[in-house]
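*Asks:* Pasting target35.cif here (mmCIF, C-alpha atoms and all ligand atoms):
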```
data_structure
loop_
_atom_site.label_atom_id
_atom_site.label_comp_id
_atom_site.auth_asym_id
_atom_site.auth_seq_id
_atom_site.Cartn_x
_atom_site.Cartn_y
_atom_site.Cartn_z
CA MET A 794 33.42 -14.31 -23.50
CA LEU A 795 35.40 -13.60 -20.37
CA GLY A 796 38.57 -15.44 -19.57
CA ASN A 797 38.98 -17.18 -22.89
CA ALA A 798 42.35 -18.51 -21.89
CA PRO A 799 42.26 -22.23 -21.13
CA PHE A 800 42.81 -23.24 -17.55
CA GLY A 801 46.49 -23.12 -16.75
CA PHE A 802 48.16 -26.14 -15.21
CA GLU A 803 48.67 -24.18 -12.03
CA LEU A 804 44.99 -23.57 -11.66
CA ARG A 805 44.00 -27.10 -12.56
CA ARG A 806 46.29 -28.41 -9.87
CA ARG A 807 44.99 -26.02 -7.24
CA SER A 808 41.36 -26.38 -8.21
CA PRO A 809 38.97 -28.47 -6.20
CA PRO A 810 37.94 -31.80 -7.75
CA MET A 811 34.50 -30.55 -8.74
CA TYR A 812 34.22 -27.07 -10.10
CA LEU A 813 32.14 -24.97 -12.32
CA GLN A 814 34.28 -23.88 -15.25
CA HIS A 815 31.92 -22.06 -17.56
CA LEU A 816 28.45 -20.69 -17.35
CA HIS A 817 26.39 -19.35 -20.21
CA LEU A 818 23.13 -17.55 -19.55
CA HIS A 819 20.74 -16.79 -22.33
CA ASN A 820 17.64 -14.71 -21.53
CA PHE A 821 17.85 -15.72 -17.90
CA ARG A 822 16.31 -12.98 -15.68
CA ASN A 823 18.06 -9.74 -16.71
CA TYR A 824 20.90 -11.50 -18.60
CA ARG A 825 20.46 -11.48 -22.40
CA ASP A 826 23.55 -13.38 -23.45
CA GLN A 827 26.34 -13.77 -20.96
CA ALA A 828 29.15 -16.27 -20.92
CA LEU A 829 31.65 -16.41 -18.14
CA THR A 830 34.58 -18.52 -17.10
CA PHE A 831 35.53 -19.11 -13.49
CA THR A 832 39.28 -18.89 -13.19
CA ALA A 833 39.91 -19.10 -9.45
CA PRO A 834 38.50 -21.01 -6.51
CA LYS A 835 36.90 -17.77 -5.30
CA THR A 836 35.00 -15.35 -7.48
CA ILE A 837 33.69 -12.03 -6.25
CA ILE A 838 30.80 -10.49 -8.16
CA LEU A 839 30.64 -6.82 -7.37
CA GLY A 840 27.65 -4.68 -8.32
CA ASN A 841 25.10 -2.17 -7.18
CA ASN A 842 21.61 -3.16 -6.22
CA ALA A 843 19.36 -4.69 -8.89
CA GLN A 844 22.15 -5.38 -11.41
CA GLY A 845 22.00 -9.19 -11.50
CA LYS A 846 24.16 -10.53 -8.67
CA SER A 847 21.51 -12.74 -7.10
CA ASN A 848 20.24 -13.69 -10.55
CA LEU A 849 23.61 -15.19 -11.38
CA LEU A 850 23.68 -17.28 -8.21
CA GLU A 851 20.09 -18.28 -8.85
CA ALA A 852 21.09 -19.73 -12.23
CA ILE A 853 23.75 -21.88 -10.53
CA GLU A 854 21.32 -22.89 -7.80
CA LEU A 855 18.81 -23.92 -10.44
CA LEU A 856 21.29 -26.25 -12.13
CA ALA A 857 22.28 -27.75 -8.79
CA THR A 858 18.86 -28.24 -7.21
CA LEU A 859 16.42 -27.67 -10.11
CA LYS A 860 14.83 -25.09 -7.84
CA SER A 861 15.09 -21.41 -7.15
CA HIS A 862 14.48 -20.34 -3.62
CA ARG A 863 13.17 -17.02 -4.93
CA SER A 864 10.53 -18.25 -7.32
CA SER A 865 8.66 -21.44 -8.07
CA ARG A 866 7.50 -20.28 -11.52
CA ASP A 867 9.78 -20.66 -14.51
CA ARG A 868 8.17 -17.66 -16.21
CA ASP A 869 9.74 -15.39 -13.56
CA LEU A 870 13.18 -16.66 -14.52
CA ILE A 871 12.83 -16.04 -18.25
CA HIS A 872 13.71 -12.56 -19.53
CA HIS A 873 10.50 -10.51 -19.69
CA SER A 874 10.80 -9.87 -23.40
CA THR A 875 10.90 -13.48 -24.46
CA ASP A 876 9.43 -16.94 -23.88
CA SER A 877 12.43 -19.17 -23.32
CA SER A 878 15.74 -19.16 -21.53
CA GLN A 879 18.84 -21.36 -21.48
CA ILE A 880 21.47 -22.00 -18.90
CA ASN A 881 24.50 -24.04 -19.90
CA ALA A 882 27.36 -25.02 -17.66
CA THR A 883 30.61 -26.91 -17.98
CA ILE A 884 31.39 -28.74 -14.78
CA ALA A 885 34.71 -30.42 -14.15
CA GLN A 886 34.29 -33.47 -11.98
CA ARG A 887 36.96 -35.64 -10.48
CA TYR A 888 37.20 -37.94 -13.46
CA SER A 889 35.30 -36.21 -16.23
CA THR A 890 33.81 -33.01 -17.55
CA VAL A 891 30.07 -32.64 -17.85
CA GLU A 892 28.00 -30.22 -19.89
CA LEU A 893 24.71 -29.52 -18.18
CA GLY A 894 21.96 -27.61 -19.96
CA CYS A 895 18.59 -26.34 -18.87
CA THR A 896 15.95 -24.76 -21.09
CA LEU A 897 13.03 -22.93 -19.52
CA ARG A 898 9.89 -22.16 -21.48
CA HIS A 899 6.75 -20.17 -20.99
CA PRO A 900 4.42 -21.61 -21.90
CA GLY A 901 5.88 -25.09 -21.86
CA ARG A 902 7.92 -27.39 -19.73
CA ARG A 903 11.56 -27.12 -18.88
CA THR A 904 13.98 -29.63 -20.32
CA LEU A 905 17.42 -30.68 -19.22
CA SER A 906 20.37 -32.18 -21.00
CA ARG A 907 23.63 -33.76 -20.00
CA ASN A 908 26.47 -33.74 -22.52
CA HIS A 909 23.94 -32.47 -25.06
CA GLU A 910 21.72 -35.56 -24.64
CA PRO A 911 18.20 -34.71 -23.46
CA LEU A 912 17.40 -36.23 -20.07
CA LYS A 913 14.21 -38.28 -19.95
CA ARG A 914 13.54 -37.29 -16.37
CA GLN A 915 14.47 -33.86 -15.07
CA LEU A 916 15.45 -35.35 -11.75
CA ASP A 917 18.27 -37.24 -13.46
CA ALA A 918 20.15 -33.94 -13.63
CA LEU A 919 20.43 -33.86 -9.83
CA GLY A 920 23.78 -34.69 -8.34
CA THR A 921 25.78 -33.33 -11.31
CA LEU A 922 26.46 -30.05 -9.57
CA ASN A 923 26.07 -29.56 -5.85
CA ALA A 924 25.81 -26.20 -4.18
CA VAL A 925 25.17 -24.70 -0.78
CA GLN A 926 23.65 -21.25 -0.84
CA PHE A 927 23.79 -18.70 1.95
CA SER A 928 21.79 -15.53 1.56
CA SER A 929 19.88 -13.30 3.94
CA LEU A 930 16.80 -15.37 3.03
CA ASP A 931 18.42 -18.28 4.81
CA LEU A 932 17.85 -16.53 8.10
CA ASP A 933 14.34 -17.87 7.61
CA LEU A 934 15.82 -21.14 8.77
CA VAL A 935 15.67 -19.64 12.25
CA ARG A 936 12.89 -17.09 11.92
CA GLY A 937 10.64 -18.72 9.36
CA THR A 938 7.95 -21.37 9.48
CA PRO A 939 8.36 -25.14 9.92
CA ASP A 940 7.71 -25.32 6.18
CA ASP A 941 10.85 -23.23 5.52
CA ARG A 942 12.90 -25.63 7.60
CA ARG A 943 11.43 -28.71 5.92
CA ARG A 944 12.16 -27.24 2.50
CA TRP A 945 15.73 -26.53 3.52
CA LEU A 946 16.22 -30.05 4.87
CA ASP A 947 14.61 -31.64 1.81
CA ASN A 948 16.92 -29.70 -0.49
CA LEU A 949 19.88 -30.95 1.45
CA VAL A 950 18.69 -34.57 1.40
CA VAL A 951 18.18 -34.32 -2.38
CA GLN A 952 21.78 -33.24 -2.85
CA LEU A 953 23.01 -36.10 -0.71
CA GLU A 954 20.72 -38.70 -2.25
CA PRO A 955 19.10 -37.54 -5.51
CA VAL A 956 16.67 -40.48 -5.30
CA TYR A 957 15.03 -38.61 -2.43
CA ALA A 958 13.52 -36.22 -4.99
CA HIS A 959 11.45 -39.17 -6.33
CA ILE A 960 10.55 -40.28 -2.84
CA LEU A 961 9.32 -36.81 -1.99
CA GLN A 962 7.34 -36.55 -5.21
CA GLU A 963 5.66 -39.86 -4.53
CA TYR A 964 4.80 -38.81 -1.00
CA THR A 965 3.33 -35.52 -2.22
CA HIS A 966 1.26 -37.38 -4.78
CA VAL A 967 -0.16 -39.73 -2.14
CA LEU A 968 -0.83 -36.81 0.18
CA ARG A 969 -2.79 -34.95 -2.51
CA GLN A 970 -4.89 -37.99 -3.35
CA ARG A 971 -5.60 -38.76 0.26
CA ASN A 972 -6.50 -35.13 0.97
CA ALA A 973 -8.87 -35.10 -2.00
CA LEU A 974 -10.63 -38.20 -0.65
CA LEU A 975 -10.87 -36.79 2.87
CA ARG A 976 -12.16 -33.50 1.50
CA ARG A 977 -14.91 -35.26 -0.42
CA HIS A 978 -16.03 -37.08 2.72
CA ARG A 979 -15.42 -34.28 5.18
CA GLY A 980 -17.53 -34.45 8.32
CA GLU A 981 -19.05 -37.85 7.50
CA ALA A 982 -19.56 -40.49 10.15
CA ILE A 983 -16.65 -42.86 10.77
CA PRO A 984 -15.86 -45.20 9.08
CA VAL A 985 -15.58 -42.92 6.11
CA ALA A 986 -17.19 -44.22 2.94
CA PRO A 987 -15.67 -46.05 1.13
CA PRO A 988 -13.43 -47.29 3.96
CA GLN A 989 -11.40 -49.67 1.76
CA GLN A 990 -10.33 -46.79 -0.41
CA LEU A 991 -9.12 -44.77 2.56
CA ALA A 992 -7.32 -47.82 3.97
CA LEU A 993 -5.47 -48.07 0.67
CA TRP A 994 -4.29 -44.49 0.94
CA ASP A 995 -3.42 -45.01 4.62
CA ALA A 996 -1.06 -47.80 3.63
CA GLN A 997 0.45 -45.65 0.88
CA LEU A 998 0.89 -42.72 3.22
CA ALA A 999 2.64 -44.99 5.72
CA ALA A 1000 4.89 -46.53 3.08
CA HIS A 1001 5.99 -43.28 1.42
CA GLY A 1002 5.88 -41.18 4.58
CA SER A 1003 8.16 -43.58 6.40
CA ARG A 1004 10.75 -43.28 3.61
CA VAL A 1005 10.68 -39.50 3.92
CA THR A 1006 10.94 -39.37 7.69
CA ARG A 1007 13.71 -41.98 7.91
CA ARG A 1008 15.87 -40.13 5.42
CA ARG A 1009 15.29 -36.78 7.05
CA ALA A 1010 16.23 -38.25 10.42
CA ARG A 1011 19.42 -39.84 9.08
CA VAL A 1012 20.63 -36.65 7.46
CA LEU A 1013 19.90 -34.52 10.52
CA GLN A 1014 21.67 -37.03 12.69
CA ARG A 1015 24.83 -36.57 10.62
CA LEU A 1016 24.45 -32.84 10.21
CA ALA A 1017 23.76 -31.95 13.85
CA PRO A 1018 27.19 -32.74 15.33
CA LEU A 1019 28.94 -30.94 12.46
CA ALA A 1020 26.78 -27.85 12.93
CA GLN A 1021 27.37 -27.98 16.66
CA ALA A 1022 31.14 -28.14 16.22
CA TRP A 1023 31.17 -25.25 13.73
CA HIS A 1024 28.93 -23.24 15.95
CA SER A 1025 31.17 -23.43 19.00
CA GLU A 1026 34.19 -22.73 16.80
CA ILE A 1027 32.69 -19.62 15.22
CA SER A 1028 30.94 -18.18 18.24
CA GLY A 1029 33.93 -18.86 20.48
CA GLN A 1030 31.43 -19.23 23.31
CA PRO A 1031 30.45 -22.21 25.39
CA GLU A 1032 26.99 -22.06 23.85
CA SER A 1033 25.59 -25.25 22.53
CA LEU A 1034 23.59 -25.50 19.34
CA THR A 1035 21.20 -28.39 18.99
CA LEU A 1036 19.31 -29.40 15.88
CA THR A 1037 16.50 -31.73 16.79
CA TYR A 1038 14.20 -33.53 14.45
CA SER A 1039 10.60 -33.65 15.70
CA PRO A 1040 8.78 -35.93 13.32
CA ASN A 1041 5.01 -35.64 13.26
CA VAL A 1042 4.91 -39.43 13.60
CA PRO A 1043 7.40 -40.34 16.33
CA TRP A 1044 9.30 -43.59 15.87
CA GLN A 1045 12.12 -45.33 17.65
CA GLU A 1046 13.99 -47.74 15.47
CA ASP A 1047 15.13 -47.08 11.91
CA ASP A 1048 13.28 -50.09 10.62
CA PRO A 1049 10.86 -49.72 7.67
CA HIS A 1050 8.26 -52.06 9.14
CA GLN A 1051 8.26 -50.45 12.58
CA VAL A 1052 8.10 -46.93 11.20
CA GLN A 1053 5.19 -47.81 8.93
CA GLN A 1054 3.45 -49.40 11.88
CA ALA A 1055 3.91 -46.16 13.84
CA PHE A 1056 2.26 -44.30 10.93
CA LEU A 1057 -0.73 -46.63 10.85
CA GLU A 1058 -1.23 -46.33 14.60
CA ARG A 1059 -1.02 -42.56 14.44
CA ILE A 1060 -3.53 -42.48 11.57
CA GLN A 1061 -5.91 -44.54 13.71
CA GLN A 1062 -5.51 -42.14 16.62
CA ARG A 1063 -6.08 -39.06 14.50
CA GLN A 1064 -8.87 -40.40 12.32
CA ALA A 1065 -11.62 -38.31 13.89
CA VAL A 1066 -9.61 -35.10 13.44
CA GLU A 1067 -8.78 -35.92 9.83
CA VAL A 1068 -12.40 -36.61 8.96
CA GLN A 1069 -13.58 -33.49 10.75
CA ARG A 1070 -11.02 -31.27 9.01
CA GLY A 1071 -11.12 -33.09 5.70
CA THR A 1072 -7.36 -33.20 5.43
CA THR A 1073 -4.33 -35.32 6.32
CA VAL A 1074 -2.85 -34.29 9.65
CA VAL A 1075 -0.47 -37.25 9.99
CA GLY A 1076 2.83 -37.36 8.14
CA PRO A 1077 6.14 -35.69 7.42
CA HIS A 1078 4.47 -32.66 5.83
CA ARG A 1079 3.96 -31.68 9.46
CA ASP A 1080 7.45 -32.38 10.75
CA GLU A 1081 9.44 -29.76 12.62
CA ILE A 1082 13.15 -29.20 13.01
CA GLU A 1083 14.02 -27.43 16.22
CA LEU A 1084 17.02 -25.17 16.44
CA CYS A 1085 18.03 -24.37 20.00
CA ILE A 1086 20.88 -22.55 21.64
CA ASN A 1087 21.44 -23.79 25.18
CA ASP A 1088 18.10 -25.61 24.92
CA ILE A 1089 16.18 -22.42 24.20
CA PRO A 1090 14.51 -22.09 20.78
CA ALA A 1091 16.77 -19.83 18.70
CA ARG A 1092 13.74 -18.23 17.07
CA THR A 1093 12.59 -16.59 20.27
CA TYR A 1094 15.88 -15.95 21.94
CA ALA A 1095 18.84 -15.47 19.62
CA SER A 1096 20.01 -11.99 18.65
CA GLN A 1097 20.44 -11.17 14.96
CA GLY A 1098 24.17 -11.84 15.20
CA GLN A 1099 23.55 -15.15 16.95
CA GLN A 1100 21.02 -16.14 14.32
CA ARG A 1101 23.52 -15.35 11.58
CA THR A 1102 26.21 -17.37 13.36
CA LEU A 1103 23.82 -20.26 13.71
CA VAL A 1104 22.91 -20.27 10.03
CA LEU A 1105 26.57 -19.93 9.06
CA ALA A 1106 27.42 -22.96 11.22
CA ILE A 1107 24.65 -24.94 9.53
CA LYS A 1108 25.84 -23.91 6.06
CA LEU A 1109 29.40 -24.99 6.84
CA ALA A 1110 28.08 -28.26 8.18
CA GLU A 1111 26.11 -28.77 4.94
CA LEU A 1112 29.20 -28.08 2.89
CA HIS A 1113 31.25 -30.67 4.72
CA LEU A 1114 28.48 -33.22 4.86
CA ILE A 1115 27.87 -33.03 1.10
CA GLU A 1116 31.57 -33.45 0.51
CA ALA A 1117 31.76 -36.42 2.87
CA VAL A 1118 28.77 -38.17 1.33
CA THR A 1119 29.26 -37.46 -2.39
CA GLY A 1120 33.05 -37.34 -2.41
CA GLU A 1121 32.92 -34.01 -4.28
CA PRO A 1122 33.13 -30.59 -2.58
CA PRO A 1123 30.03 -28.55 -3.40
CA LEU A 1124 30.04 -24.96 -4.56
CA LEU A 1125 29.39 -22.32 -1.96
CA LEU A 1126 27.21 -19.43 -3.08
CA LEU A 1127 27.35 -16.46 -0.74
CA ASP A 1128 24.77 -13.89 -1.69
CA ASP A 1129 25.56 -10.58 -0.05
CA VAL A 1130 26.23 -12.09 3.36
CA LEU A 1131 29.98 -11.94 3.72
CA ALA A 1132 30.19 -8.18 4.26
CA GLU A 1133 27.46 -8.56 6.88
CA LEU A 1134 29.64 -10.83 8.99
CA ASP A 1135 32.17 -9.31 11.35
CA LEU A 1136 35.83 -9.88 10.52
CA GLN A 1137 36.23 -12.72 12.98
CA ARG A 1138 33.33 -14.65 11.46
CA GLN A 1139 34.50 -13.85 7.93
CA ASN A 1140 37.87 -15.30 8.77
CA HIS A 1141 36.36 -18.43 10.27
CA LEU A 1142 34.35 -18.89 7.13
CA LEU A 1143 37.30 -18.31 4.84
CA ALA A 1144 39.53 -20.61 6.88
CA ALA A 1145 36.85 -23.28 6.67
CA ILE A 1146 36.45 -23.08 2.90
CA GLN A 1147 40.08 -22.31 1.96
CA ASP A 1148 40.47 -23.25 -1.68
CA ARG A 1149 38.70 -26.55 -1.21
CA PHE A 1150 35.24 -25.27 -1.97
CA GLN A 1151 34.72 -23.17 -5.05
CA THR A 1152 32.97 -20.07 -3.81
CA VAL A 1153 31.03 -17.37 -5.60
CA ILE A 1154 30.50 -14.28 -3.50
CA THR A 1155 28.29 -11.35 -4.37
CA THR A 1156 28.62 -7.98 -2.75
CA THR A 1157 27.76 -4.33 -3.26
CA HIS A 1158 31.09 -3.14 -1.83
CA LEU A 1159 34.55 -4.49 -1.16
CA ALA A 1160 35.17 -2.48 1.99
CA GLY A 1161 35.63 -4.74 4.97
CA PHE A 1162 36.83 -7.72 2.93
CA ASP A 1163 40.13 -9.26 3.89
CA ALA A 1164 42.76 -7.84 1.49
CA ALA A 1165 44.86 -10.98 1.09
CA TRP A 1166 42.15 -13.23 -0.21
CA GLN A 1167 40.52 -10.39 -2.13
CA GLN A 1168 43.65 -10.40 -4.23
CA SER A 1169 43.59 -14.12 -4.76
CA ALA A 1170 39.97 -14.03 -5.89
CA GLN A 1171 38.72 -13.52 -9.40
CA GLN A 1172 36.91 -10.20 -9.40
CA LEU A 1173 34.04 -9.42 -11.74
CA THR A 1174 31.57 -6.58 -11.89
CA VAL A 1175 27.96 -6.75 -12.95
CA GLU A 1176 25.89 -3.93 -14.35
CA SER A 1177 22.43 -4.27 -15.89
CA GLY A 1178 22.89 -7.96 -16.58
CA LYS A 1179 26.35 -7.62 -18.08
CA ILE A 1180 29.41 -9.07 -16.44
CA ALA A 1181 32.81 -7.53 -16.93
CA SER A 1182 36.26 -7.84 -15.54
CA PRO A 1183 37.17 -4.51 -13.87
CA ALA A 1184 40.15 -2.64 -15.25
CA HIS A 1185 42.10 -2.70 -11.99
CA ALA A 1186 41.74 -6.43 -11.40
CA PRO A 1187 44.51 -8.82 -12.44
CA PRO A 1188 43.96 -10.12 -15.99
CA LEU A 1189 41.83 -13.27 -16.20
N1 LIG B 1201 12.48 -12.14 -15.74
C1 LIG B 1201 13.21 -11.02 -15.74
N2 LIG B 1201 13.47 -10.36 -16.90
C2 LIG B 1201 14.20 -9.23 -16.93
N3 LIG B 1201 14.71 -8.67 -15.81
C3 LIG B 1201 14.49 -9.27 -14.64
C4 LIG B 1201 13.73 -10.48 -14.54
N4 LIG B 1201 13.67 -10.86 -13.25
C5 LIG B 1201 14.36 -9.93 -12.58
N5 LIG B 1201 14.85 -8.99 -13.39
C6 LIG B 1201 15.64 -7.81 -13.03
O1 LIG B 1201 16.84 -8.24 -12.37
C7 LIG B 1201 17.21 -7.22 -11.46
C8 LIG B 1201 17.45 -7.80 -10.09
O2 LIG B 1201 18.56 -8.59 -10.16
P1 LIG B 1201 19.18 -9.23 -8.83
O3 LIG B 1201 18.12 -9.70 -7.91
O4 LIG B 1201 20.17 -10.20 -9.29
O5 LIG B 1201 19.84 -7.94 -8.21
P2 LIG B 1201 21.10 -7.86 -7.24
O6 LIG B 1201 22.25 -7.38 -8.05
O7 LIG B 1201 21.25 -9.12 -6.49
O8 LIG B 1201 20.61 -6.66 -6.32
P3 LIG B 1201 20.65 -6.51 -4.71
O9 LIG B 1201 21.99 -5.94 -4.39
O10 LIG B 1201 19.56 -5.51 -4.46
O11 LIG B 1201 20.38 -7.83 -4.09
C9 LIG B 1201 16.08 -6.22 -11.35
O12 LIG B 1201 16.44 -5.07 -12.03
C10 LIG B 1201 14.93 -6.94 -12.02
O13 LIG B 1201 14.07 -6.05 -12.63
MG MG B 1202 20.72 -9.67 -4.57
#
```
Written as structure tokens, that's how I'd like the structure from this file.

*Replies:*
Amino acid sequence: MLGNAPFGFELRRRSPPMYLQHLHLHNFRNYRDQALTFTAPKTIILGNNAQGKSNLLEAIELLATLKSHRSSRDRDLIHHSTDSSQINATIAQRYSTVELGCTLRHPGRRTLSRNHEPLKRQLDALGTLNAVQFSSLDLDLVRGTPDDRRRWLDNLVVQLEPVYAHILQEYTHVLRQRNALLRRHRGEAIPVAPPQQLALWDAQLAAHGSRVTRRRARVLQRLAPLAQAWHSEISGQPESLTLTYSPNVPWQEDDPHQVQQAFLERIQQRQAVEVQRGTTVVGPHRDEIELCINDIPARTYASQGQQRTLVLAIKLAELHLIEAVTGEPPLLLLDDVLAELDLQRQNHLLAAIQDRFQTVITTTHLAGFDAAWQQSAQQLTVESGKIASPAHAPPL
């Protein structure tokens, strides 16, 4: 085990209120059995390609969000040679320390535990550890599909309000049922037989869909000004970033009854299309989030550097919003992106996170990193799924 020494008083005092102290990976991706202790607010994981840098961050992301943005199948996360994997973490929170455990199985279902007690519902693990991840894949926020942006926003809302994970699940369930019904009666004359059954699903879609859209709107409303402020700070230009929510069902007032009413009206209007296509075309599964710089869609106009700046501004906004809402600063996971930023942007990022947000940074090389904070960071190397403390680094 690395860094066996208990946390010194110095470190405890300097450490952010919530931080990840220990992580133990067992048969997770290319890690067979790896324990590690985080001893500083910033940890740099240095390694060549394909050694396990992203895998490590993925394990943390999985504990925080119960999802990996690289794979939706647990079998991909389990070491090839075996059929189960464990991730265990010790998380210091403001007033307590929590042990979070996750076991993945193939075949079989994953299970989660908190303080060694199995959790009845997996979703109950949400909110224990919060994390914001920034990797090159996040550039899909600008370049990718509306689905990429919805997934990003949903992940953020879940971290702010874990109950949203249930809301989203319920909505998805209703959507599947309604789609199945529409598919069975595709192309039939309106009213679709049996009309009462469809009306029932319409009401459900309106009820659950309105919960989803109202929460998404509220979060974006809080995130947008933060992202805008970070963006002008980092770019140093009078450019203005706007994040606009374009719900598939437009609504005015944040009132459950009125929003549901808007859903029902929209369903009425689109009934012919839904019957013809045999699928649900009304609802938040068709929402869009528009990212514009100076009112021009960033997707079509922004240069690579501008796109990176934009995503960085959004990530910083997420970090601060999660802290403001939950009262605990989330972890920042930077997967191979810091060295890609120019020095000015690196410095903005580092000034923004200081020691307030525990940060894990992966990189293939240290060249181009600011020397002062490189020294203050815990440095680890990874090779073929084994983490070590390099000889030249200060002792852990
Ligand atoms: N389920 C698995 N079992 C065993 N090994 C795996 C599994 N999944 C991935 N790997 C291995 O993990 C390695 C990739 O690890 P990772 O993505 O963390 O690399 P990285 O260090 O981030 O590299 P890069 O610098 O290219 O991003 C590959 O060698 C891959 O074969
Ligand atoms: Mg990687």

*Asks:* Interatomic distance between CA of Ser878 (chain A) and CA of Leu953 (chain A)?

*Replies:*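 It comes out at 27.8 Å.
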
*Asks:* Could you give me, as a PyMOL selection string, every polymer residue with an atom at most 12 Å away from an atom of ligand MG 1202 (chain B), counting only C-alpha atoms and all ligand atoms?

*Replies:* chain A and resi 838-851+863+927-930+1126-1130+1154-1157+1175

*Asks:* Between A:Ser1039, A:Thr830, A:Ser874, A:Gln1054, single out the one closest to ligand LIG 1201 (chain B), counting only C-alpha atoms and all ligand atoms.

*Replies:*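 Among the listed residues, the smallest separation from ligand LIG 1201 (chain B) belongs to A:Ser874.
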
*Asks:* Ser1033 (chain A): which residues within 7 Å, counting only C-alpha atoms, same-chain residues fewer than 2 positions away excluded, as a list in words?

*Replies:*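 So, after excluding close chain neighbours, the residues are Gln1021, Ser1025, Pro1031, Thr1035, Ile1086 and Asn1087 of chain A.
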
*Asks:* One decimal, Å: what's the distance from CA of Ser877 (chain A) over to CA of His899 (chain A), could you say?

*Replies:* 6.2 Å

*Asks:* Choose the residue, out of A:Val1074, A:Val1052, A:Cys1085, A:Leu946, that has the smallest atom-to-atom separation from Leu1034 (chain A); count all atoms listed in the file.

*Replies:* A:Cys1085

*Asks:* Counting only C-alpha atoms, figure out which residue out of A:His1050, A:His862, A:Arg1138, A:His966 gets nearest to Asp933 (chain A).

*Replies:*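 Among the listed residues, A:His862 lies closest to Asp933 (chain A).
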
*Asks:* Choose the residue, out of A:Gly937, A:Thr1119, A:Thr1073, A:His1024, that has the smallest atom-to-atom separation from Asn1041 (chain A); count only C-alpha atoms.

*Replies:*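 Distance minimum relative to Asn1041 (chain A) lands on A:Thr1073.
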
*Asks:* Take every atom of ligand LIG 1201 (chain B) listed in the file, pad by 3 Å on each side, and give me the axis-aligned box centre and edge lengths in Å, one decimal, as lines of an AutoDock Vina configuration file.

*Replies:*
```
center_x = 17.4
center_y = -8.6
center_z = -10.5
size_x = 15.8
size_y = 13.1
size_z = 18.8
```

*Asks:* Using only C-alpha atoms, which of the listed residues (A:Arg943, A:Arg822, A:His1158, A:Arg1063) sits closest to Pro1077 (chain A)?

*Replies:*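 Answer, going by the shortest atom-to-atom distance: A:Arg943.
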
*Asks:* Do you have, as CSV, the list of residues of region 933-982 of chain A lying at most 12 Å from region 1112-1117 of chain A, each with its nearest atom pair and that distance in Å to one decimal, counting all atoms listed in the file and ordered by chain then number?

*Replies:*
```
residue,atom,partner,partner_atom,distance
A:Asn948,CA,A:Ile1115,CA,11.6
A:Leu949,CA,A:Ile1115,CA,8.3
A:Val950,CA,A:Ile1115,CA,9.3
A:Val951,CA,A:Ile1115,CA,10.4
A:Gln952,CA,A:Ile1115,CA,7.3
A:Leu953,CA,A:Ile1115,CA,6.0
A:Glu954,CA,A:Ile1115,CA,9.7
A:Pro955,CA,A:Ile1115,CA,11.9
```

*Asks:* To one decimal place in Å, what is the distance between CA of His1141 (chain A) and CA of Glu1026 (chain A)?

*Replies:*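 Taking CA of His1141 (chain A) and CA of Glu1026 (chain A), their separation equals 8.1 Å.
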
*Asks:* For ligand LIG 1201 (chain B), which of A:Val1068, A:Cys895, A:Leu870, A:Ala973 is the closest residue, counting only C-alpha atoms and all ligand atoms?

*Replies:*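 Comparing A:Val1068, A:Cys895, A:Leu870, A:Ala973 against ligand LIG 1201 (chain B), the winner is A:Leu870.
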
*Asks:* Any idea what's packed within 10 Å of Ala1065 (chain A), counting only C-alpha atoms, ignoring anything in its chain fewer than 3 positions away? Could you give it as JSON, numbers by chain?

*Replies:* {"A": [980, 981, 982, 983, 984, 985, 1060, 1061, 1062, 1068, 1069, 1070, 1071]}

*Asks:* Could you rebuild region 1045-1052 of chain A with N, CA and C atoms and give it back as a JSON list (two decimals), in the coordinates of the input?

*Replies:*
```json
[["chain", "number", "residue", "atom", "x", "y", "z"],
["A", 1045, "GLN", "N", 10.91, -45.03, 16.90],
["A", 1045, "GLN", "CA", 12.12, -45.33, 17.65],
["A", 1045, "GLN", "C", 13.24, -45.89, 16.78],
["A", 1046, "GLU", "N", 12.94, -47.04, 16.19],
["A", 1046, "GLU", "CA", 13.99, -47.74, 15.47],
["A", 1046, "GLU", "C", 13.93, -47.51, 13.98],
["A", 1047, "ASP", "N", 15.09, -47.34, 13.34],
["A", 1047, "ASP", "CA", 15.13, -47.08, 11.91],
["A", 1047, "ASP", "C", 14.89, -48.38, 11.14],
["A", 1048, "ASP", "N", 13.64, -48.84, 11.27],
["A", 1048, "ASP", "CA", 13.28, -50.09, 10.62],
["A", 1048, "ASP", "C", 12.00, -49.83, 9.82],
["A", 1049, "PRO", "N", 12.01, -50.10, 8.50],
["A", 1049, "PRO", "CA", 10.86, -49.72, 7.67],
["A", 1049, "PRO", "C", 9.53, -50.21, 8.23],
["A", 1050, "HIS", "N", 9.52, -51.48, 8.68],
["A", 1050, "HIS", "CA", 8.26, -52.06, 9.14],
["A", 1050, "HIS", "C", 7.74, -51.34, 10.38],
["A", 1051, "GLN", "N", 8.67, -51.10, 11.32],
["A", 1051, "GLN", "CA", 8.26, -50.45, 12.58],
["A", 1051, "GLN", "C", 7.80, -49.02, 12.35],
["A", 1052, "VAL", "N", 8.49, -48.32, 11.45],
["A", 1052, "VAL", "CA", 8.10, -46.93, 11.20],
["A", 1052, "VAL", "C", 6.73, -46.88, 10.53]]
```
